[in-house]
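Q: Pasting in a structure now, in structure tokens, and then I'll have a few things to ask.
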Amino acid sequence: FAQYNYTLLHRTSINKLTNTVEELKTDNKRYWKHLIELEQRTGEIEEEQAKDKKHIAALNAKITSLAQKLDDQENRARRNNLRILGFPEQIEQGKPIQFLQEALPKILELEDGMQLEMERAHRTLAPRPGADQRPRPFIVKFLRYQTKEMIIRKVREKGTLNWEGNKILIFPDLSKELQEKRRGFLEVKKQLRDREIRYGLFYLAILKVTW
């Protein structure tokens, strides 16, 4: 009888172990199945992320291209423009074209009778400054590109410009982005001048050196 009980207990223990092993196998299968599903999902997510990165890169490239085209169009629209700094506020008395057509030939020492034809002229749209603040520049659009270029040449020839004790500065009217590009040449231009090497800065931002 004792032997029978021992055998029964032994078989029961084996059955329990067998059942436990089977349960572990089942759990293990579920685990691996879940792990495989996770790996597949991870792969899908990584693939989606890669596609998203390519899409974002393409969008950024398109935005950059459009921004460059827009900036180019803006600068072409300003092709005949000059920015003139230094004239006191309200000196034009509401007639900026008439004032500049009289003042510019004097400070540039242009030939008598030379008419500077302007399409429009106005102060920048910033708020009117106080008495102790710098006056707003004029933005002038000349009727002809050649007129604007002639004025730029005269400015380079004369160097410093003065009008009734006010220092006058005249620059091409460029977009902020193009101004930043051209500022990148400042140190190079200084070195070229120090070495008395002739150069020219052309549209958009191209530096040409003459040896």
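Lettering and numbering for the structure tokens are positional, with chains as A, B, ... in the shown order, residues counted from 1 in each chain, and ligands counted from 1 in the shown order.
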Using only C-alpha atoms, what table do you get, as JSON lines, when you list each residue of range 110-210 of chain A with an atom no more than 8 Å from range 75-90 of chain A, its nearest pair of atoms, and their distance in Å rounded to one decimal, rows by chain then rising number?

A:
```
{"residue": "A:Arg134", "atom": "CA", "partner": "A:Gly86", "partner_atom": "CA", "distance": 7.9}
{"residue": "A:Pro135", "atom": "CA", "partner": "A:Glu89", "partner_atom": "CA", "distance": 5.5}
{"residue": "A:Arg136", "atom": "CA", "partner": "A:Glu89", "partner_atom": "CA", "distance": 7.0}
{"residue": "A:Pro137", "atom": "CA", "partner": "A:Leu85", "partner_atom": "CA", "distance": 4.4}
{"residue": "A:Phe138", "atom": "CA", "partner": "A:Ile84", "partner_atom": "CA", "distance": 5.0}
{"residue": "A:Ile139", "atom": "CA", "partner": "A:Arg83", "partner_atom": "CA", "distance": 4.8}
{"residue": "A:Val140", "atom": "CA", "partner": "A:Leu82", "partner_atom": "CA", "distance": 5.3}
{"residue": "A:Lys141", "atom": "CA", "partner": "A:Asn81", "partner_atom": "CA", "distance": 4.3}
{"residue": "A:Phe142", "atom": "CA", "partner": "A:Asn80", "partner_atom": "CA", "distance": 5.4}
{"residue": "A:Leu143", "atom": "CA", "partner": "A:Asn80", "partner_atom": "CA", "distance": 7.2}
{"residue": "A:Arg144", "atom": "CA", "partner": "A:Asn80", "partner_atom": "CA", "distance": 6.5}
{"residue": "A:Tyr145", "atom": "CA", "partner": "A:Asn80", "partner_atom": "CA", "distance": 4.9}
{"residue": "A:Lys148", "atom": "CA", "partner": "A:Asn80", "partner_atom": "CA", "distance": 6.0}
{"residue": "A:Trp163", "atom": "CA", "partner": "A:Phe87", "partner_atom": "CA", "distance": 7.8}
{"residue": "A:Asn166", "atom": "CA", "partner": "A:Gly86", "partner_atom": "CA", "distance": 6.2}
{"residue": "A:Lys167", "atom": "CA", "partner": "A:Gly86", "partner_atom": "CA", "distance": 5.8}
{"residue": "A:Ile168", "atom": "CA", "partner": "A:Gly86", "partner_atom": "CA", "distance": 4.7}
{"residue": "A:Leu169", "atom": "CA", "partner": "A:Leu85", "partner_atom": "CA", "distance": 5.0}
{"residue": "A:Ile170", "atom": "CA", "partner": "A:Ile84", "partner_atom": "CA", "distance": 4.6}
{"residue": "A:Phe171", "atom": "CA", "partner": "A:Arg83", "partner_atom": "CA", "distance": 5.2}
{"residue": "A:Pro172", "atom": "CA", "partner": "A:Leu82", "partner_atom": "CA", "distance": 4.6}
{"residue": "A:Asp173", "atom": "CA", "partner": "A:Leu82", "partner_atom": "CA", "distance": 4.9}
{"residue": "A:Leu174", "atom": "CA", "partner": "A:Asn75", "partner_atom": "CA", "distance": 6.0}
{"residue": "A:Ser175", "atom": "CA", "partner": "A:Asn75", "partner_atom": "CA", "distance": 6.2}
```

Q: Report, in Å with one decimal, the straight-line distance from CA of Asp112 in chain A to CA of Glu92 in chain A.

A: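 Answer for the CA of Asp112 in chain A to CA of Glu92 in chain A separation: 21.5 Å.
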
Q: Considering only alpha helix (DSSP H) as DSSP defines it on the backbone, what residues of range 50-176 of chain A qualify? List them as an MDAnalysis selection string.

A: chainID A and resid 50:77 96:108 145:158 176

Q: Return as a PDB file with C-alpha atoms, in the first residue's frame the full set of residues in range 142-172 of chain A whose backbone-based DSSP assignment is strand (DSSP E or B).

A:
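See out-v3.pdb below for the written result:
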```
ATOM      1  CA  PHE A 142      14.646 105.741 -60.365  1.00  0.00           C
ATOM      2  CA  LEU A 161      29.147 113.025 -49.089  1.00  0.00           C
ATOM      3  CA  ASN A 162      27.933 116.038 -47.092  1.00  0.00           C
ATOM      4  CA  TRP A 163      24.836 118.195 -47.253  1.00  0.00           C
ATOM      5  CA  ASN A 166      24.975 116.209 -42.559  1.00  0.00           C
ATOM      6  CA  LYS A 167      26.847 113.093 -43.658  1.00  0.00           C
ATOM      7  CA  ILE A 168      24.924 111.435 -46.495  1.00  0.00           C
ATOM      8  CA  LEU A 169      25.177 107.719 -47.259  1.00  0.00           C
ATOM      9  CA  ILE A 170      23.814 106.089 -50.409  1.00  0.00           C
ATOM     10  CA  PHE A 171      23.426 102.324 -50.838  1.00  0.00           C
ATOM     11  CA  PRO A 172      21.598  99.896 -53.131  1.00  0.00           C
TER      12      PRO A 172
END
```

Q: To one decimal in Å, tell me the separation between CA of Ile152 in chain A and CA of Asp132 in chain A.

A: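 Atom-to-atom, CA of Ile152 in chain A and CA of Asp132 in chain A are spaced 29.2 Å apart.
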
Q: Excluding same-chain residues fewer than 3 positions from Gln98 in chain A, what lies within 12 Å of it counting only C-alpha atoms, as a list in words?

A: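 Non-adjacent residues within range: Ile91, Glu92, Gln93, Gly94, Lys95, Gln101, Glu102, Ala103, Leu104, Pro105, Gln115, Leu116, Glu117, Met118, Glu119, Arg120, Ala121, His122 and Val140 of chain A.
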
Q: Create the file for the chosen residues now, containing N, CA and C atoms and written as a CSV table (one decimal), in the first residue's frame.

A:
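As a result, result12.csv now contains:
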```csv
chain,number,residue,atom,x,y,z
A,91,ILE,N,12.8,117.6,-44.0
A,91,ILE,CA,13.5,118.6,-44.8
A,91,ILE,C,12.9,118.7,-46.2
A,92,GLU,N,12.3,117.6,-46.6
A,92,GLU,CA,11.7,117.5,-47.9
A,92,GLU,C,10.3,118.2,-48.0
A,93,GLN,N,9.7,118.6,-46.8
A,93,GLN,CA,8.5,119.3,-46.8
A,93,GLN,C,7.4,118.7,-47.6
A,94,GLY,N,7.3,117.4,-47.5
A,94,GLY,CA,6.2,116.6,-48.2
A,94,GLY,C,6.4,116.4,-49.7
A,95,LYS,N,7.6,116.9,-50.2
A,95,LYS,CA,7.9,116.7,-51.6
A,95,LYS,C,9.2,116.0,-51.8
A,101,GLN,N,15.7,115.6,-56.2
A,101,GLN,CA,16.2,116.0,-57.6
A,101,GLN,C,17.0,117.3,-57.5
A,102,GLU,N,16.8,118.1,-56.4
A,102,GLU,CA,17.6,119.3,-56.3
A,102,GLU,C,18.9,119.0,-55.4
A,103,ALA,N,18.8,118.2,-54.4
A,103,ALA,CA,19.9,118.0,-53.5
A,103,ALA,C,20.9,117.1,-54.0
A,104,LEU,N,20.5,116.0,-54.7
A,104,LEU,CA,21.5,115.0,-55.1
A,104,LEU,C,22.5,115.5,-56.2
A,105,PRO,N,22.0,116.2,-57.2
A,105,PRO,CA,23.0,116.7,-58.2
A,105,PRO,C,24.1,117.6,-57.5
A,115,GLN,N,19.0,115.7,-65.3
A,115,GLN,CA,17.7,115.4,-64.6
A,115,GLN,C,17.7,114.0,-64.1
A,116,LEU,N,17.5,113.9,-62.8
A,116,LEU,CA,17.4,112.5,-62.1
A,116,LEU,C,15.9,112.1,-62.1
A,117,GLU,N,15.5,111.4,-63.1
A,117,GLU,CA,14.1,111.0,-63.2
A,117,GLU,C,13.7,109.9,-62.2
A,118,MET,N,12.8,110.1,-61.3
A,118,MET,CA,12.4,109.2,-60.3
A,118,MET,C,11.0,108.8,-60.5
A,119,GLU,N,10.7,107.5,-60.2
A,119,GLU,CA,9.4,107.0,-60.3
A,119,GLU,C,8.7,107.3,-59.0
A,120,ARG,N,9.4,107.1,-57.9
A,120,ARG,CA,8.8,107.5,-56.6
A,120,ARG,C,9.9,107.6,-55.5
A,121,ALA,N,9.6,108.3,-54.4
A,121,ALA,CA,10.6,108.5,-53.3
A,121,ALA,C,9.8,108.7,-52.1
A,122,HIS,N,10.3,108.0,-51.0
A,122,HIS,CA,9.6,108.2,-49.7
A,122,HIS,C,10.5,107.8,-48.6
A,140,VAL,N,14.4,105.4,-52.8
A,140,VAL,CA,14.1,106.1,-54.1
A,140,VAL,C,14.1,105.1,-55.2
```

Q: I'd like to know which of A:Glu37, A:Leu100, A:Ile107, A:Thr147 is closest to Gly165 in chain A, using only C-alpha atoms.

A: A:Ile107

Q: Please compute the CA of Lys53 in chain A-CA of Ile36 in chain A distance, one decimal, in Å.

A: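 Value for the CA of Lys53 in chain A-CA of Ile36 in chain A distance: 25.4 Å.
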
Q: Restricting the calculation to only C-alpha atoms, which member of A:Ile63, A:Leu110, A:Leu38, A:Val21 is positioned closest to Lys158 in chain A?

A: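 For Lys158 in chain A, the nearest of the candidates is A:Leu110.
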